[in-house]
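Text of the file coords14.cif, holding mmCIF, C-alpha atoms:
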```
data_data
#
loop_
_atom_site.label_atom_id
_atom_site.label_comp_id
_atom_site.auth_asym_id
_atom_site.auth_seq_id
_atom_site.Cartn_x
_atom_site.Cartn_y
_atom_site.Cartn_z
CA MET A 319 -15.05 -13.64 68.07
CA VAL A 320 -15.76 -16.37 70.58
CA ASP A 321 -17.79 -19.30 69.26
CA SER A 322 -20.99 -19.42 71.29
CA GLN A 323 -20.62 -23.18 71.73
CA SER A 324 -16.94 -23.43 72.56
CA PRO A 325 -16.25 -22.78 76.22
CA THR A 326 -13.77 -20.08 77.18
CA PRO A 327 -10.70 -20.76 79.38
CA GLY A 328 -12.53 -19.30 82.38
CA GLU A 329 -15.55 -21.52 81.83
CA ILE A 330 -13.36 -24.60 81.30
CA THR A 331 -11.44 -23.86 84.50
CA ILE A 332 -14.65 -23.62 86.52
CA MET A 333 -16.23 -26.71 84.97
CA VAL A 334 -13.12 -28.86 85.40
CA ALA A 335 -12.50 -27.59 88.93
CA GLY A 336 -16.14 -28.21 89.89
CA ALA A 337 -16.10 -31.76 88.48
CA VAL A 338 -12.73 -32.63 90.03
CA MET A 339 -13.76 -31.25 93.42
CA LEU A 340 -16.99 -33.25 93.39
CA ILE A 341 -15.19 -36.48 92.48
CA PHE A 342 -12.39 -36.00 95.00
CA SER A 343 -14.86 -35.05 97.72
CA PHE A 344 -15.60 -38.79 97.92
CA LEU A 345 -11.93 -39.65 98.51
CA HIS A 346 -10.15 -39.38 101.84
CA PHE A 347 -10.18 -35.83 103.22
CA GLY A 348 -8.56 -36.60 106.56
CA GLY A 349 -7.66 -40.00 107.98
CA SER A 350 -9.89 -42.51 106.23
CA ARG A 351 -12.94 -40.25 106.06
CA ASN A 352 -14.17 -38.22 103.12
CA SER A 353 -15.75 -34.78 103.19
CA TRP A 354 -19.27 -36.26 103.21
CA GLN A 355 -18.58 -38.15 106.44
CA SER A 356 -18.21 -37.00 110.01
CA PRO A 357 -16.29 -35.23 111.37
CA PHE A 358 -15.83 -33.25 108.14
CA PHE A 359 -19.43 -32.98 106.90
CA PRO A 360 -20.74 -30.39 106.16
CA ILE A 361 -17.95 -27.80 106.61
CA ALA A 362 -15.60 -29.60 104.22
CA THR A 363 -18.49 -30.31 101.86
CA LEU A 364 -19.06 -26.61 101.22
CA LEU A 365 -16.07 -26.40 98.86
CA PRO A 366 -17.25 -29.08 96.41
CA LEU A 367 -20.80 -27.71 96.65
CA TYR A 368 -19.62 -24.22 95.67
CA GLY A 369 -17.67 -25.77 92.79
CA LEU A 370 -20.70 -27.79 91.72
CA LEU A 371 -22.96 -24.72 91.76
CA MET A 372 -20.51 -22.67 89.72
CA ALA A 373 -19.92 -25.46 87.19
CA LEU A 374 -23.65 -26.22 86.90
CA GLN A 375 -24.46 -22.60 86.08
CA ILE A 376 -21.90 -22.65 83.25
CA VAL A 377 -23.02 -26.03 81.91
CA LEU A 378 -26.72 -25.20 82.03
CA THR A 379 -26.44 -21.83 80.32
CA ARG A 380 -23.67 -22.75 77.85
CA PHE A 381 -24.62 -26.24 76.73
CA ALA A 382 -28.20 -26.88 77.81
CA SER A 383 -29.47 -23.45 76.71
CA VAL A 384 -31.30 -23.08 79.99
CA LYS A 385 -32.57 -19.53 80.44
CA LEU A 386 -31.75 -18.33 83.92
CA PRO A 387 -32.87 -14.94 85.27
CA ARG A 388 -30.38 -12.16 84.39
CA SER A 389 -29.66 -11.51 88.05
CA VAL A 390 -30.35 -13.02 91.46
CA ALA A 391 -30.92 -10.72 94.45
CA GLY A 392 -29.22 -7.89 92.59
CA PHE A 393 -26.17 -9.97 91.62
CA THR A 394 -25.32 -10.76 88.00
CA TRP A 395 -24.22 -14.34 87.30
CA GLU A 396 -20.65 -13.15 86.78
CA GLN A 397 -20.77 -11.54 90.23
CA ILE A 398 -22.20 -14.74 91.74
CA GLN A 399 -19.36 -16.71 90.12
CA LEU A 400 -16.79 -14.28 91.54
CA ALA A 401 -18.39 -14.26 95.00
CA LEU A 402 -18.59 -18.06 95.21
CA GLY A 403 -15.09 -18.45 93.76
CA SER A 404 -13.63 -15.97 96.23
CA MET A 405 -15.31 -17.63 99.19
CA ALA A 406 -14.21 -21.05 97.94
CA ALA A 407 -10.61 -19.81 97.74
CA LEU A 408 -10.90 -18.34 101.23
CA MET A 409 -12.08 -21.69 102.61
CA ALA A 410 -9.35 -23.47 100.65
CA ILE A 411 -6.73 -21.28 102.35
CA GLY A 412 -8.53 -21.94 105.63
CA PHE A 413 -8.26 -25.70 105.19
CA LEU A 414 -4.66 -25.39 103.99
CA MET A 415 -3.70 -23.60 107.20
CA THR A 416 -5.80 -25.74 109.54
CA ASP A 417 -4.01 -28.60 111.21
CA TYR A 418 -6.39 -31.55 110.81
CA GLY A 419 -3.50 -34.00 110.97
CA ASP A 420 -2.18 -35.48 107.72
CA LYS A 421 -3.90 -33.98 104.71
CA GLN A 422 -5.20 -36.66 102.38
CA ILE A 423 -5.62 -36.62 98.60
CA GLY A 424 -9.24 -35.44 98.83
CA GLU A 425 -8.33 -32.40 100.91
CA TRP A 426 -5.47 -31.43 98.60
CA PHE A 427 -7.76 -31.54 95.58
CA GLU A 428 -10.39 -29.49 97.42
CA ILE A 429 -7.75 -26.87 98.24
CA VAL A 430 -6.37 -26.72 94.70
CA GLY A 431 -9.92 -26.77 93.29
CA GLY A 432 -10.97 -23.87 95.51
CA ILE A 433 -8.08 -21.78 94.20
CA ALA A 434 -8.91 -22.84 90.62
CA LEU A 435 -12.50 -21.67 91.08
CA VAL A 436 -11.48 -18.10 91.87
CA VAL A 437 -8.98 -18.13 89.00
CA GLY A 438 -11.76 -19.28 86.67
CA ALA A 439 -14.14 -16.64 88.03
CA VAL A 440 -11.53 -13.90 87.48
CA LEU A 441 -10.92 -15.12 83.92
CA LEU A 442 -14.67 -15.07 83.37
CA GLN A 443 -14.82 -11.39 84.36
CA ARG A 444 -12.18 -10.52 81.77
CA GLU A 445 -13.71 -12.71 79.05
CA ARG A 446 -17.14 -11.22 79.48
CA GLY A 447 -15.83 -7.69 79.91
CA THR A 448 -17.62 -7.00 83.15
CA GLY A 449 -15.04 -4.35 84.06
CA ALA A 450 -14.79 -5.78 87.58
CA ILE A 451 -11.18 -6.87 87.14
CA GLY A 452 -8.63 -5.53 84.70
CA MET B 1078 -17.49 17.07 117.97
CA ASP B 1079 -20.25 16.01 115.63
CA LYS B 1080 -22.38 13.13 116.71
CA VAL B 1081 -22.30 10.24 114.28
CA LYS B 1082 -25.67 8.64 113.71
CA LEU B 1083 -25.41 5.07 112.54
CA SER B 1084 -28.26 3.45 110.65
CA ALA B 1085 -29.86 0.34 112.15
CA GLY B 1086 -28.09 -1.87 109.61
CA ASN B 1087 -24.66 -0.39 110.28
CA LEU B 1088 -25.18 -0.47 114.05
CA THR B 1089 -26.18 -4.14 113.85
CA ILE B 1090 -23.06 -4.95 111.83
CA LEU B 1091 -20.81 -3.00 114.20
CA ILE B 1092 -22.14 -4.74 117.32
CA ALA B 1093 -22.26 -8.18 115.68
CA GLY B 1094 -18.70 -7.76 114.42
CA VAL B 1095 -17.45 -7.06 117.94
CA VAL B 1096 -19.50 -9.94 119.39
CA ILE B 1097 -18.27 -12.47 116.83
CA LEU B 1098 -14.65 -11.46 117.52
CA ILE B 1099 -15.05 -11.80 121.29
CA ALA B 1100 -16.99 -15.07 120.90
CA SER B 1101 -14.20 -16.52 118.76
CA PHE B 1102 -11.99 -16.51 121.88
CA LEU B 1103 -14.60 -18.39 123.93
CA ALA B 1104 -15.19 -22.15 123.92
CA PHE B 1105 -16.02 -23.34 120.41
CA ASP B 1106 -15.97 -26.96 121.54
CA LYS B 1107 -15.45 -28.49 124.95
CA ILE B 1108 -14.73 -31.93 126.24
CA SER B 1109 -15.57 -33.34 129.64
CA LEU B 1110 -12.66 -35.29 130.99
CA PRO B 1111 -13.53 -38.50 132.85
CA SER B 1112 -12.58 -38.85 136.46
CA PHE B 1113 -11.92 -41.95 138.47
CA ASP B 1114 -10.91 -42.97 141.97
CA GLU B 1115 -7.67 -44.81 142.48
CA GLY B 1116 -6.79 -45.96 145.97
CA GLY B 1117 -9.07 -43.38 147.51
CA ILE B 1118 -7.58 -40.59 145.38
CA HIS B 1119 -9.81 -38.70 142.95
CA ILE B 1120 -8.04 -38.35 139.58
CA GLY B 1121 -9.00 -36.36 136.47
CA GLY B 1122 -12.31 -34.70 135.78
CA GLY B 1123 -13.17 -31.20 134.63
CA THR B 1124 -13.56 -29.81 131.15
CA HIS B 1125 -11.18 -28.65 128.47
CA SER B 1126 -12.27 -26.17 125.84
CA PHE B 1127 -11.04 -25.11 122.41
CA SER B 1128 -11.61 -21.70 120.85
CA ALA B 1129 -11.81 -20.85 117.15
CA TRP B 1130 -8.14 -19.82 117.43
CA SER B 1131 -6.99 -23.15 118.89
CA SER B 1132 -4.88 -25.60 116.96
CA HIS B 1133 -7.09 -27.87 114.78
CA TYR B 1134 -9.60 -24.97 114.50
CA PHE B 1135 -7.45 -22.13 113.18
CA LEU B 1136 -7.88 -21.00 110.42
CA ILE B 1137 -11.06 -22.60 109.15
CA ALA B 1138 -13.17 -21.86 112.27
CA THR B 1139 -11.70 -18.38 112.57
CA ILE B 1140 -12.85 -17.27 109.11
CA PRO B 1141 -16.42 -16.26 110.17
CA ALA B 1142 -14.95 -14.02 112.90
CA LEU B 1143 -12.50 -12.45 110.46
CA LEU B 1144 -15.31 -11.77 107.98
CA GLY B 1145 -17.33 -10.09 110.74
CA VAL B 1146 -14.34 -7.97 111.74
CA VAL B 1147 -13.86 -6.82 108.14
CA MET B 1148 -17.52 -5.79 107.95
CA ALA B 1149 -17.46 -3.97 111.29
CA LEU B 1150 -14.16 -2.30 110.41
CA HIS B 1151 -15.61 -0.94 107.17
CA VAL B 1152 -18.66 0.45 108.97
CA ALA B 1153 -16.49 1.95 111.73
CA LEU B 1154 -14.04 3.57 109.32
CA VAL B 1155 -16.78 5.13 107.19
CA ALA B 1156 -18.66 6.36 110.25
CA PHE B 1157 -15.85 7.50 112.55
CA ALA B 1158 -12.95 8.19 110.21
CA PRO B 1159 -14.42 10.06 107.25
CA GLN B 1160 -10.91 11.20 106.30
CA VAL B 1161 -10.21 7.62 105.26
CA SER B 1162 -11.25 7.32 101.64
CA MET B 1163 -12.90 4.07 100.62
CA PRO B 1164 -13.27 2.93 97.03
CA GLY B 1165 -16.82 3.12 95.74
CA SER B 1166 -16.79 -0.55 94.83
CA VAL B 1167 -14.64 -3.64 95.30
CA LEU B 1168 -14.06 -5.90 92.28
CA GLY B 1169 -17.28 -4.62 90.78
CA PHE B 1170 -19.30 -5.18 93.96
CA SER B 1171 -20.96 -2.30 95.79
CA TRP B 1172 -20.24 -2.19 99.53
CA ASN B 1173 -23.78 -3.38 100.26
CA GLN B 1174 -23.10 -6.44 98.09
CA VAL B 1175 -19.74 -7.01 99.82
CA HIS B 1176 -21.48 -6.97 103.21
CA LEU B 1177 -24.13 -9.41 101.96
CA ILE B 1178 -21.50 -11.82 100.58
CA LEU B 1179 -19.32 -11.76 103.69
CA ALA B 1180 -22.27 -12.10 106.09
CA GLY B 1181 -23.81 -14.87 103.98
CA GLN B 1182 -20.53 -16.79 103.99
CA ALA B 1183 -20.09 -16.34 107.76
CA THR B 1184 -23.63 -17.58 108.39
CA ILE B 1185 -23.30 -20.60 106.09
CA MET B 1186 -20.03 -21.60 107.74
CA MET B 1187 -21.40 -21.22 111.27
CA ILE B 1188 -24.48 -23.31 110.40
CA ALA B 1189 -22.11 -25.94 108.98
CA PHE B 1190 -20.07 -25.90 112.21
CA LEU B 1191 -23.28 -26.28 114.22
CA ILE B 1192 -24.33 -29.33 112.20
CA GLN B 1193 -20.83 -30.86 112.06
CA ASP B 1194 -20.35 -33.86 114.34
CA ARG B 1195 -16.88 -33.40 115.84
CA GLY B 1196 -17.56 -35.76 118.73
CA LEU B 1197 -17.25 -32.90 121.24
CA ASP B 1198 -19.73 -30.78 123.14
CA ARG B 1199 -20.48 -27.43 121.58
CA GLY B 1200 -19.35 -24.41 123.56
CA ILE B 1201 -20.90 -21.00 124.19
CA GLY B 1202 -18.47 -19.44 121.71
CA LEU B 1203 -19.88 -21.43 118.80
CA TYR B 1204 -23.46 -20.44 119.64
CA LEU B 1205 -22.52 -16.78 120.08
CA MET B 1206 -20.60 -16.80 116.80
CA LEU B 1207 -23.62 -18.32 115.05
CA LEU B 1208 -25.97 -15.68 116.49
CA ALA B 1209 -23.53 -12.90 115.60
CA ALA B 1210 -23.18 -14.23 112.05
CA ILE B 1211 -26.97 -14.21 111.66
CA ALA B 1212 -27.00 -10.66 113.04
CA LEU B 1213 -24.36 -9.68 110.47
CA LEU B 1214 -26.60 -11.05 107.73
CA ILE B 1215 -29.60 -9.14 109.10
CA GLY B 1216 -27.46 -5.99 109.24
CA ALA B 1217 -26.34 -6.48 105.64
CA ILE B 1218 -29.96 -6.89 104.49
CA LEU B 1219 -31.00 -3.82 106.50
CA ARG B 1220 -28.24 -1.79 104.81
CA ILE B 1221 -29.71 -2.63 101.42
CA GLN B 1222 -33.25 -1.79 102.55
CA GLU B 1223 -32.09 1.48 104.12
CA ARG B 1224 -30.64 2.57 100.80
CA GLY B 1225 -34.11 3.55 99.62
CA SER B 1226 -34.98 5.67 102.64
CA ALA B 1227 -31.66 7.28 103.58
CA PRO B 1228 -28.17 7.36 102.13
CA PRO B 1229 -26.18 4.53 103.73
CA LEU B 1230 -22.77 5.15 105.19
CA GLY B 1231 -20.35 3.79 102.67
#
```

Mind turning this structure into structure tokens?
Amino acid sequence: MVDSQSPTPGEITIMVAGAVMLIFSFLHFGGSRNSWQSPFFPIATLLPLYGLLMALQIVLTRFASVKLPRSVAGFTWEQIQLALGSMAALMAIGFLMTDYGDKQIGEWFEIVGGIALVVGAVLLQRERGTGAIG
Amino acid sequence: MDKVKLSAGNLTILIAGVVILIASFLAFDKISLPSFDEGGIHIGGGTHSFSAWSSHYFLIATIPALLGVVMALHVALVAFAPQVSMPGSVLGFSWNQVHLILAGQATIMMIAFLIQDRGLDRGIGLYLMLLAAIALLIGAILRIQERGSAPPLG
């Protein structure tokens, strides 16, 4: 049985990815500009924001015992994690295939982080037995 | 041939999906080129535009259009090709939820592109894509509301 206080692999993946994406969003995304600066803000800022939202939901409910509503607009939290993770991965692929010139360290970590978010969200489905995947 | 009656939500999605695809080929950004006179000869001038499919824009700016096409395609297949069997849900999401997610993402991205300072003038394509994305979101919400009054298509 899973210890209620020890995070699962899916939760760890999302928390780490969210934290890494937020930190690296302040490093160079393209040229000498980060994702919070023009010309990349706010389209390139969406990825770290999605990661932050996903990680925050895990941290708040797992470690801060914050009681969130069971669902939001008809979506369970596992579904919200999967939706945000999928859209983050889609944008990551979008940035990977977009020619912005030389990709900098910040952009690479956003891309990898976006993929990690959907991996974490998929793991979360399996761990919590939602039946959505596998 | 039986007439297919689309609900308001599905019709909105179908039209918006077509509009966002067409708009993606129009000017997303444009730049006015400077002109000057040299020895009595007029040189330069005019405008150059970039669509969502242009280099530096593809694939990130094309995503909202692709999301709209997926939504419209689903509506069209369910309405006009009933022989095509669709799964009842996708990864645990109902089709209404899928439409809401895709339309929400398209709208968020288009608002981000509107705010983004790329140092270029915004083109008609960007504005049309933004309006179509908002229409997709309205259509997705309508689909959910229609569920109570009439069975939605798909």

message: Could you list, as a ChimeraX atom specification, every residue matched by the PyMOL selection byres ((chain A) within 12 of (chain B)) in this structure?
response: /A:353-365,368,390-394,396-420,439-440,443-444,447-452

- prompt: To one decimal place, how far is CA of Ile332 in chain A from CA of Leu1213 in chain B in Å?
  reply: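 Result for CA of Ile332 in chain A versus CA of Leu1213 in chain B: 29.4 Å, one decimal.
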
task: I need the residue set behind the PyMOL selection byres ((chain B and resi 1103) around 7) for this file; please write it as a VMD selection string.
output: chain B and resid 1100 to 1102 1104 to 1105 1128 1201 to 1202

Please enumerate the residues selected by the PyMOL selection byres ((chain B and resi 1217) around 10) when evaluated against the supplied file, formatted as a PDB file with C-alpha atoms, keeping the file's coordinate frame.
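In the end it all went to part_18.pdb:
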```
ATOM      1  CA  GLY B1086     -28.090  -1.870 109.610  1.00  0.00           C
ATOM      2  CA  ASN B1087     -24.660  -0.390 110.280  1.00  0.00           C
ATOM      3  CA  THR B1089     -26.180  -4.140 113.850  1.00  0.00           C
ATOM      4  CA  ILE B1090     -23.060  -4.950 111.830  1.00  0.00           C
ATOM      5  CA  MET B1148     -17.520  -5.790 107.950  1.00  0.00           C
ATOM      6  CA  TRP B1172     -20.240  -2.190  99.530  1.00  0.00           C
ATOM      7  CA  ASN B1173     -23.780  -3.380 100.260  1.00  0.00           C
ATOM      8  CA  GLN B1174     -23.100  -6.440  98.090  1.00  0.00           C
ATOM      9  CA  VAL B1175     -19.740  -7.010  99.820  1.00  0.00           C
ATOM     10  CA  HIS B1176     -21.480  -6.970 103.210  1.00  0.00           C
ATOM     11  CA  LEU B1177     -24.130  -9.410 101.960  1.00  0.00           C
ATOM     12  CA  ILE B1178     -21.500 -11.820 100.580  1.00  0.00           C
ATOM     13  CA  LEU B1179     -19.320 -11.760 103.690  1.00  0.00           C
ATOM     14  CA  ALA B1180     -22.270 -12.100 106.090  1.00  0.00           C
ATOM     15  CA  GLY B1181     -23.810 -14.870 103.980  1.00  0.00           C
ATOM     16  CA  ILE B1211     -26.970 -14.210 111.660  1.00  0.00           C
ATOM     17  CA  ALA B1212     -27.000 -10.660 113.040  1.00  0.00           C
ATOM     18  CA  LEU B1213     -24.360  -9.680 110.470  1.00  0.00           C
ATOM     19  CA  LEU B1214     -26.600 -11.050 107.730  1.00  0.00           C
ATOM     20  CA  ILE B1215     -29.600  -9.140 109.100  1.00  0.00           C
ATOM     21  CA  GLY B1216     -27.460  -5.990 109.240  1.00  0.00           C
ATOM     22  CA  ILE B1218     -29.960  -6.890 104.490  1.00  0.00           C
ATOM     23  CA  LEU B1219     -31.000  -3.820 106.500  1.00  0.00           C
ATOM     24  CA  ARG B1220     -28.240  -1.790 104.810  1.00  0.00           C
ATOM     25  CA  ILE B1221     -29.710  -2.630 101.420  1.00  0.00           C
ATOM     26  CA  GLN B1222     -33.250  -1.790 102.550  1.00  0.00           C
ATOM     27  CA  GLU B1223     -32.090   1.480 104.120  1.00  0.00           C
TER      28      GLU B1223
END
```

field: Spatial neighbours of Glu329 in chain A, max dist 9 Å, all atoms listed in the file, sep filter under 3 positions, as a ChimeraX atom specification
entry: /A:325-326,332-334,373,376-377,438-439,441-442

field: Between CA of Phe342 in chain A and CA of Trp426 in chain A, distance in Å (one decimal)
entry: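 Going from CA of Phe342 in chain A over to CA of Trp426 in chain A covers 9.0 Å.
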
- prompt: What is the distance between CA of Gln375 in chain A and CA of Ser1171 in chain B, in Å to one decimal?
  reply: 22.8 Å

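Between Leu1088 in chain B and the candidates B:Pro1164, B:Ala1149, B:Leu1154, B:Ala1209, the tightest atom-to-atom separation, counting only C-alpha atoms, involves B:Ala1149.
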
Once 4 Å is added on each side, what centre and edge lengths in Å to one decimal does the axis-aligned box around all listed atoms of range 393-407 of chain A have, as AutoDock Vina command-line options?
```
--center_x -18.4 --center_y -15.5 --center_z 93.0 --size_x 23.6 --size_y 19.1 --size_z 20.4
```

task: Tell me which protein, DNA and RNA residues are within 8 Å of Asp1106 in chain B, counting all atoms listed in the file, leaving out same-chain ones fewer than 2 positions away, and put them as a PyMOL selection string.
output: chain B and resi 1104+1108+1126-1128+1197-1200+1202-1203

statement: Ile1092 in chain B proximity check over B:Gly1145, B:Gln1160, B:Gly1117, B:Leu1207, using all atoms listed in the file: winner is B:Gly1145

- prompt: A:Ala382, A:Arg446, A:Glu428, A:Pro327: which is nearest Leu367 in chain A, counting only C-alpha atoms?
  reply: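 Of A:Ala382, A:Arg446, A:Glu428, A:Pro327, the one nearest Leu367 in chain A, counting only C-alpha atoms, is A:Glu428.
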
field: Residues near Val338 in chain A, cut-off 9 Å, only C-alpha atoms, skip fewer than 6 positions along chain, as a PyMOL selection string
entry: chain A and resi 366+369+427-428+431
